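Taking it in order: structure first as structure tokens, then the write-up.
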Amino acid sequence: MPEPAPVTDPQPVTGKDRLSSIALAAFWLGSRVLLIWIWLVAEFIATGDVRYYFSKIANLGNVGLSETFYEYPTPVTWILSIPYLLSGGNEIGYVVAYIGFMIIIDAAFTIALWRAGGDRPGRAVYFWLIFVVCVGPLTYLRFDLIPAVLAGGALLALRRVPALAGVLTGIGAAIKLWPALLIAALAAPKAGRRPALIGFAAAGFGLALISLVAGGWQRLISPLGWQSGRGLQIEAVWATPLMLARLADPTTWTIEMSKFQAFEVFGPGNEIMIIVSNVATVLGLAVIIALCVRAFRVAEPSLLGIGLLLIAIVAIMIVTNKTFSPQYLLWLGGPVAALGVLHRGDQPLLDRLGVSVLALAVLTHLIYPVLYYQGMLDPQTSPGMIAGTVVLAIRNVAILIFTIAVCRRAWVALRTAG
């Protein structure tokens, strides 16, 4: 396995580099304008969650923190209050401020990737630009962009400032819970283990303590109860057999909006597939533990191994879950982009990794919102239902294969030191 090229200080910027940077900035601007146009013209229906955020924040003063966004960790309420303060309490203004806030986060991560690449934008930076376009306007209409960028930023910071990597991971865990698993990978290199763990504890446990004081114990643990009580979401990998069966008999296998604000599939086999998902989650955690133990046994695991381990953890969390909202795919983009910038020793592997994630993003975009409301949710078998369900099945099989392949590559890469 080729060793990763060392991360060096940015070199003086030449005229050619300046032209490349201008091209990168133009590409970013043009692609983001395209996203906003697509949102306004064709995919405005995906704005529902942002309006939901507004309604909850607007009612925060009446019901209190304990009854606001109890499906999310407490810090999410504070984050989603920022656009509200900027908008002056106006719903349209909130939507505009929220999207603007997400665009700023996207731009900041793009700049971080560019700087980490030594002022020479390469394939990995353009991967991120194209990835966001492939996911579509949904990137700016959910807050999953934040943990995705934090995970990518943690990998960027790992070698130079491991404490910052821990802090970013701790913040991600305080927002979305699952990033807590990433600290096991980021703490594997012995040289930066202590600062990474201290940074993670300071940020993660610090925000947890503040959340406890602000909202109480029940509010602190409410997201765990919410997630455990959810049913089988129609986009989940484990819902695929039932969704395919629904093509033949949509009256036996039905789709309903559950109390968890998600479309879930019901019918024969529903409970069995939920059990299968729970078993898969346990097995997935076992694979994560095995990979992390392997990483810790190497004094200084390679950057490639750590990056692939991060991606494997994220993919396992997505695949084994009984829910799979379309925005979850954003979680893969940050670590893949960061690894591509930092590691240049195995370009064919990185190219395959990037192309695979881009393909998954396109398929996910087709599922939601393109083939969703007038396709997969149709009450009777229709061309739209068939198309949407087939694309869903292809995407789910593809991400399952992707996860297995990444776990295998991570296992191999973690046998050598960096």
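Note on naming: chains are A, B, ... as they come in the structure tokens, residues start from 1 per chain, ligands start from 1 in the order shown.
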
- [ ] Name all residues at most 8 Å from region 185-196 of chain A (count only C-alpha atoms; drop same-chain ones fewer than 5 positions away) and give them as a list in words.
- [x] Leu155, Leu158, Arg159, Pro162, Ala163, Leu164, Ala165, Gly166, Val167, Cys292, Ala295, Phe296, Val298, Ala299, Glu300, Pro301, Ile306, Leu309 and Leu310 of chain A

Open item on the list: So that I can check the surroundings of Ser325 (chain A), please list as a VMD selection string every protein, DNA and RNA residue that reaches within 8 Å of it, counting only C-alpha atoms and ignoring chain neighbours fewer than 4 positions away.
Closed with: chain A and resid 233 235 to 236

For those residues, write C-alpha atoms to a file as a PDB file, in the first residue's frame.
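Contents of part.pdb, as written:
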```pdb
ATOM      1  CA  GLN A 233     -38.525   4.289   7.119  1.00  0.00           C
ATOM      2  CA  GLU A 235     -35.752   4.635   2.302  1.00  0.00           C
ATOM      3  CA  ALA A 236     -33.935   2.356   4.755  1.00  0.00           C
TER       4      ALA A 236
END
```

Task: Spatial neighbours of Leu285 (chain A), max dist 9 Å, only C-alpha atoms, sep filter under 5 positions, as a PyMOL selection string - done: chain A and resi 280+290+313+316-317

With C-alpha atoms retained, write the just-selected residues as a tab-separated table (two decimals), in the first residue's frame.
```tsv
chain	number	residue	atom	x	y	z
A	280	ALA	CA	-27.42	-5.47	11.80
A	290	ALA	CA	-12.79	-4.56	15.37
A	313	ILE	CA	-17.98	4.12	10.48
A	316	ILE	CA	-22.07	1.42	8.72
A	317	MET	CA	-24.22	3.84	10.71
```

Proximity of region 98-184 of chain A to region 360-363 of chain A: per-residue shortest pair, 10 Å limit, only C-alpha atoms, as a tab-separated table:
```
residue	atom	partner	partner_atom	distance
A:Ile130	CA	A:Ala361	CA	9.9
A:Phe131	CA	A:Ala361	CA	6.9
A:Val132	CA	A:Ala361	CA	8.5
A:Val133	CA	A:Val362	CA	8.9
A:Cys134	CA	A:Val362	CA	5.1
A:Val135	CA	A:Ala361	CA	5.0
A:Gly136	CA	A:Val362	CA	8.5
```

Can those selected residues be exported to a file as a PDB file, in the first residue's frame so that it contains C-alpha atoms?
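The resulting file, out13.pdb, is shown below:
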```pdb
ATOM      1  CA  ILE A 130     -19.826  18.380  -7.411  1.00  0.00           C
ATOM      2  CA  PHE A 131     -21.019  16.258  -4.488  1.00  0.00           C
ATOM      3  CA  VAL A 132     -23.134  19.101  -3.101  1.00  0.00           C
ATOM      4  CA  VAL A 133     -24.693  19.607  -6.538  1.00  0.00           C
ATOM      5  CA  CYS A 134     -25.440  15.867  -6.819  1.00  0.00           C
ATOM      6  CA  VAL A 135     -27.182  15.840  -3.434  1.00  0.00           C
ATOM      7  CA  GLY A 136     -29.122  18.891  -4.585  1.00  0.00           C
TER       8      GLY A 136
END
```

TODO: Name the residues of region 256-323 of chain A that fall into strand (DSSP E or B) according to DSSP on the backbone, using the chain letters and numbers of this document, as an MDAnalysis selection string.
DONE: chainID A and resid 256:257 263:266 301

Selection to disk with C-alpha atoms, as a compact mmCIF listing (two decimals), in the first residue's frame:
```
# COMPACT_ATOMS: atom_id res chain seq x y z
CA GLU A 256 -48.00 6.11 6.25
CA MET A 257 -46.64 9.23 7.90
CA PHE A 263 -42.89 7.97 5.93
CA GLU A 264 -42.74 4.37 7.12
CA VAL A 265 -43.75 1.13 5.43
CA PHE A 266 -46.21 -1.23 7.09
CA PRO A 301 -1.76 4.17 11.59
```

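Candidate residues A:Val76, A:Phe101, A:Ser55, A:Leu177 were compared for distance to Gly89 (chain A), and the nearest is A:Ser55, using only C-alpha atoms.
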
- [ ] Grab the CA of Ala23 (chain A) to CA of Ala151 (chain A) distance for me, in Å with one decimal place.
- [x] 26.3 Å

Pick out the residues sitting within 9 Å of region 319-321 of chain A, and hand them over as a CSV table (one decimal) with N, CA and C atoms, in the first residue's frame; count only C-alpha atoms, and ignore anything fewer than 2 positions along from it in its own chain.
```csv
chain,number,residue,atom,x,y,z
A,236,ALA,N,-34.9,3.2,4.1
A,236,ALA,CA,-33.9,2.4,4.8
A,236,ALA,C,-33.6,1.1,3.9
A,237,VAL,N,-32.4,0.7,4.1
A,237,VAL,CA,-31.9,-0.5,3.4
A,237,VAL,C,-32.8,-1.7,3.7
A,238,TRP,N,-33.2,-1.8,5.0
A,238,TRP,CA,-34.0,-3.0,5.4
A,238,TRP,C,-35.5,-2.9,5.0
A,277,SER,N,-32.8,-5.2,11.3
A,277,SER,CA,-32.1,-3.9,11.3
A,277,SER,C,-31.4,-3.8,12.7
A,278,ASN,N,-32.1,-4.1,13.7
A,278,ASN,CA,-31.5,-4.1,15.1
A,278,ASN,C,-30.3,-5.0,15.2
A,279,VAL,N,-30.4,-6.2,14.7
A,279,VAL,CA,-29.3,-7.2,14.7
A,279,VAL,C,-28.1,-6.6,13.8
A,280,ALA,N,-28.5,-6.0,12.7
A,280,ALA,CA,-27.4,-5.5,11.8
A,280,ALA,C,-26.7,-4.3,12.5
A,281,THR,N,-27.4,-3.5,13.3
A,281,THR,CA,-26.8,-2.4,14.0
A,281,THR,C,-25.8,-3.0,15.0
A,282,VAL,N,-26.1,-4.1,15.7
A,282,VAL,CA,-25.2,-4.7,16.7
A,282,VAL,C,-24.0,-5.2,16.0
A,283,LEU,N,-24.2,-5.9,14.9
A,283,LEU,CA,-23.1,-6.4,14.1
A,283,LEU,C,-22.2,-5.3,13.5
A,284,GLY,N,-22.9,-4.2,13.1
A,284,GLY,CA,-22.1,-3.1,12.6
A,284,GLY,C,-21.2,-2.5,13.6
A,314,VAL,N,-19.1,5.9,9.2
A,314,VAL,CA,-20.3,6.6,8.8
A,314,VAL,C,-21.2,5.7,7.9
A,315,ALA,N,-20.6,5.0,7.0
A,315,ALA,CA,-21.3,4.1,6.1
A,315,ALA,C,-22.1,3.0,6.9
A,316,ILE,N,-21.4,2.4,7.9
A,316,ILE,CA,-22.1,1.4,8.7
A,316,ILE,C,-23.3,2.0,9.5
A,317,MET,N,-23.1,3.2,10.0
A,317,MET,CA,-24.2,3.8,10.7
A,317,MET,C,-25.4,4.1,9.8
A,323,THR,N,-33.7,3.8,9.8
A,323,THR,CA,-34.1,5.0,9.1
A,323,THR,C,-33.0,5.4,8.1
A,324,PHE,N,-33.3,6.1,7.1
A,324,PHE,CA,-32.3,6.5,6.1
A,324,PHE,C,-32.9,7.7,5.4
A,396,ASN,N,-29.8,1.3,-2.5
A,396,ASN,CA,-29.6,0.6,-1.2
A,396,ASN,C,-28.6,-0.6,-1.4
A,399,ILE,N,-25.1,1.1,-1.8
A,399,ILE,CA,-24.5,1.6,-0.6
A,399,ILE,C,-24.1,0.4,0.3
A,400,LEU,N,-24.8,-0.7,0.3
A,400,LEU,CA,-24.4,-1.9,1.0
A,400,LEU,C,-23.1,-2.4,0.5
A,403,THR,N,-20.3,-0.1,1.5
A,403,THR,CA,-19.9,-0.2,2.9
A,403,THR,C,-19.0,-1.4,3.1
```

Give me the residues near Gln227 (chain A) as a compact mmCIF listing (two decimals) with N, CA and C atoms, in the first residue's frame, where near means some atom within 12 Å (using only C-alpha atoms) and where sequence neighbours in that chain fewer than 4 positions away do not count.
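Okay, part11.txt is ready:
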```txt
# COMPACT_ATOMS: atom_id res chain seq x y z
N TYR A 70 -37.40 17.93 20.75
CA TYR A 70 -36.95 16.85 21.65
C TYR A 70 -36.45 15.63 20.87
N GLU A 71 -36.65 15.64 19.53
CA GLU A 71 -36.09 14.56 18.72
C GLU A 71 -34.62 14.80 18.39
N TYR A 72 -34.13 16.01 18.68
CA TYR A 72 -32.73 16.36 18.41
C TYR A 72 -32.02 16.73 19.72
N PRO A 73 -30.69 16.59 19.76
CA PRO A 73 -29.95 17.07 20.93
C PRO A 73 -30.20 18.56 21.15
N LYS A 176 -25.55 15.65 16.56
CA LYS A 176 -26.18 14.54 15.84
C LYS A 176 -25.91 13.17 16.47
N LEU A 177 -25.24 13.09 17.57
CA LEU A 177 -24.96 11.87 18.35
C LEU A 177 -23.96 10.93 17.67
N TRP A 178 -24.25 10.46 16.43
CA TRP A 178 -23.41 9.44 15.79
C TRP A 178 -21.94 9.83 15.65
N ILE A 221 -31.86 13.23 27.26
CA ILE A 221 -31.91 11.88 26.71
C ILE A 221 -33.06 11.66 25.74
N SER A 222 -33.90 12.66 25.53
CA SER A 222 -35.08 12.50 24.68
C SER A 222 -34.74 12.05 23.25
N PRO A 223 -33.63 12.52 22.63
CA PRO A 223 -33.33 12.04 21.27
C PRO A 223 -33.11 10.53 21.19
N GLY A 231 -40.05 3.60 13.47
CA GLY A 231 -40.32 2.40 12.70
C GLY A 231 -39.41 2.28 11.50
N LEU A 232 -39.86 1.53 10.50
CA LEU A 232 -39.05 1.24 9.32
C LEU A 232 -39.31 2.29 8.25
N GLN A 233 -38.38 3.22 8.11
CA GLN A 233 -38.53 4.29 7.12
C GLN A 233 -38.39 3.71 5.71
N LYS A 259 -45.87 9.13 13.63
CA LYS A 259 -45.76 10.21 14.60
C LYS A 259 -44.34 10.74 14.70
N PHE A 260 -43.40 10.03 14.07
CA PHE A 260 -42.01 10.46 14.07
C PHE A 260 -41.68 11.32 12.85
N GLN A 261 -42.73 11.80 12.18
CA GLN A 261 -42.60 12.73 11.06
C GLN A 261 -41.77 12.13 9.92
N ALA A 262 -42.01 10.87 9.65
CA ALA A 262 -41.31 10.18 8.57
C ALA A 262 -42.27 9.19 7.92
N ASN A 321 -29.04 1.25 9.93
CA ASN A 321 -30.13 1.95 10.60
C ASN A 321 -31.49 1.59 9.99
N LYS A 322 -32.53 1.65 10.80
CA LYS A 322 -33.89 1.42 10.30
C LYS A 322 -34.47 2.69 9.70
N THR A 323 -33.72 3.77 9.77
CA THR A 323 -34.09 5.01 9.09
C THR A 323 -32.98 5.39 8.13
N PHE A 324 -33.35 6.05 7.07
CA PHE A 324 -32.35 6.51 6.09
C PHE A 324 -32.93 7.72 5.36
```

TODO: Determine the nearest neighbour of Leu60 (chain A) from the options A:Met385, A:Leu80, A:Val41, A:Ile104, counting only C-alpha atoms.
DONE: A:Leu80

TODO: Determine the nearest neighbour of Leu138 (chain A) from the options A:Gln218, A:Thr47, A:Ser31, A:Asn90, counting only C-alpha atoms.
DONE: A:Thr47

Residue neighbourhood Val336 (chain A), 8 Å, only C-alpha atoms, exclusion window fewer than 2 positions, as a PDB file with C-alpha atoms, in the first residue's frame:
```pdb
ATOM      1  CA  GLY A 152     -14.345  16.354   7.368  1.00  0.00           C
ATOM      2  CA  GLY A 307      -9.665   8.247   6.687  1.00  0.00           C
ATOM      3  CA  ILE A 311     -15.805   6.643   6.149  1.00  0.00           C
ATOM      4  CA  LEU A 332     -20.100  10.686   3.697  1.00  0.00           C
ATOM      5  CA  GLY A 333     -19.101  13.744   1.681  1.00  0.00           C
ATOM      6  CA  GLY A 334     -17.033  15.578   4.302  1.00  0.00           C
ATOM      7  CA  ALA A 338     -10.894  15.573   3.382  1.00  0.00           C
ATOM      8  CA  LEU A 339      -9.186  12.231   2.752  1.00  0.00           C
ATOM      9  CA  GLY A 340      -8.828  13.065  -0.934  1.00  0.00           C
ATOM     10  CA  LEU A 353     -14.168   6.237  -3.650  1.00  0.00           C
ATOM     11  CA  GLY A 354     -15.203   9.668  -4.907  1.00  0.00           C
TER      12      GLY A 354
END
```

Task: Which residue of A:Leu85, A:Leu349, A:Leu371, A:Leu377 approaches Met243 (chain A) most closely, using only C-alpha atoms - done: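 Of all the options, A:Leu377 lies closest to Met243 (chain A).
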
Task: In region 6-121 of chain A, DSSP alpha helix (DSSP H) residues written as a count of residues only - done: 82

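The space separating CA of Leu168 (chain A) from CA of Val293 (chain A) comes to 22.3 Å.
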
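Put simply, CA of Leu242 (chain A) is 8.7 Å away from CA of Met273 (chain A).
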
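Proximity to Met102 (chain A) was assessed for A:Val149, A:Ile272, A:Leu129, A:Ser87 counting only C-alpha atoms; the smallest distance is recorded for A:Val149.
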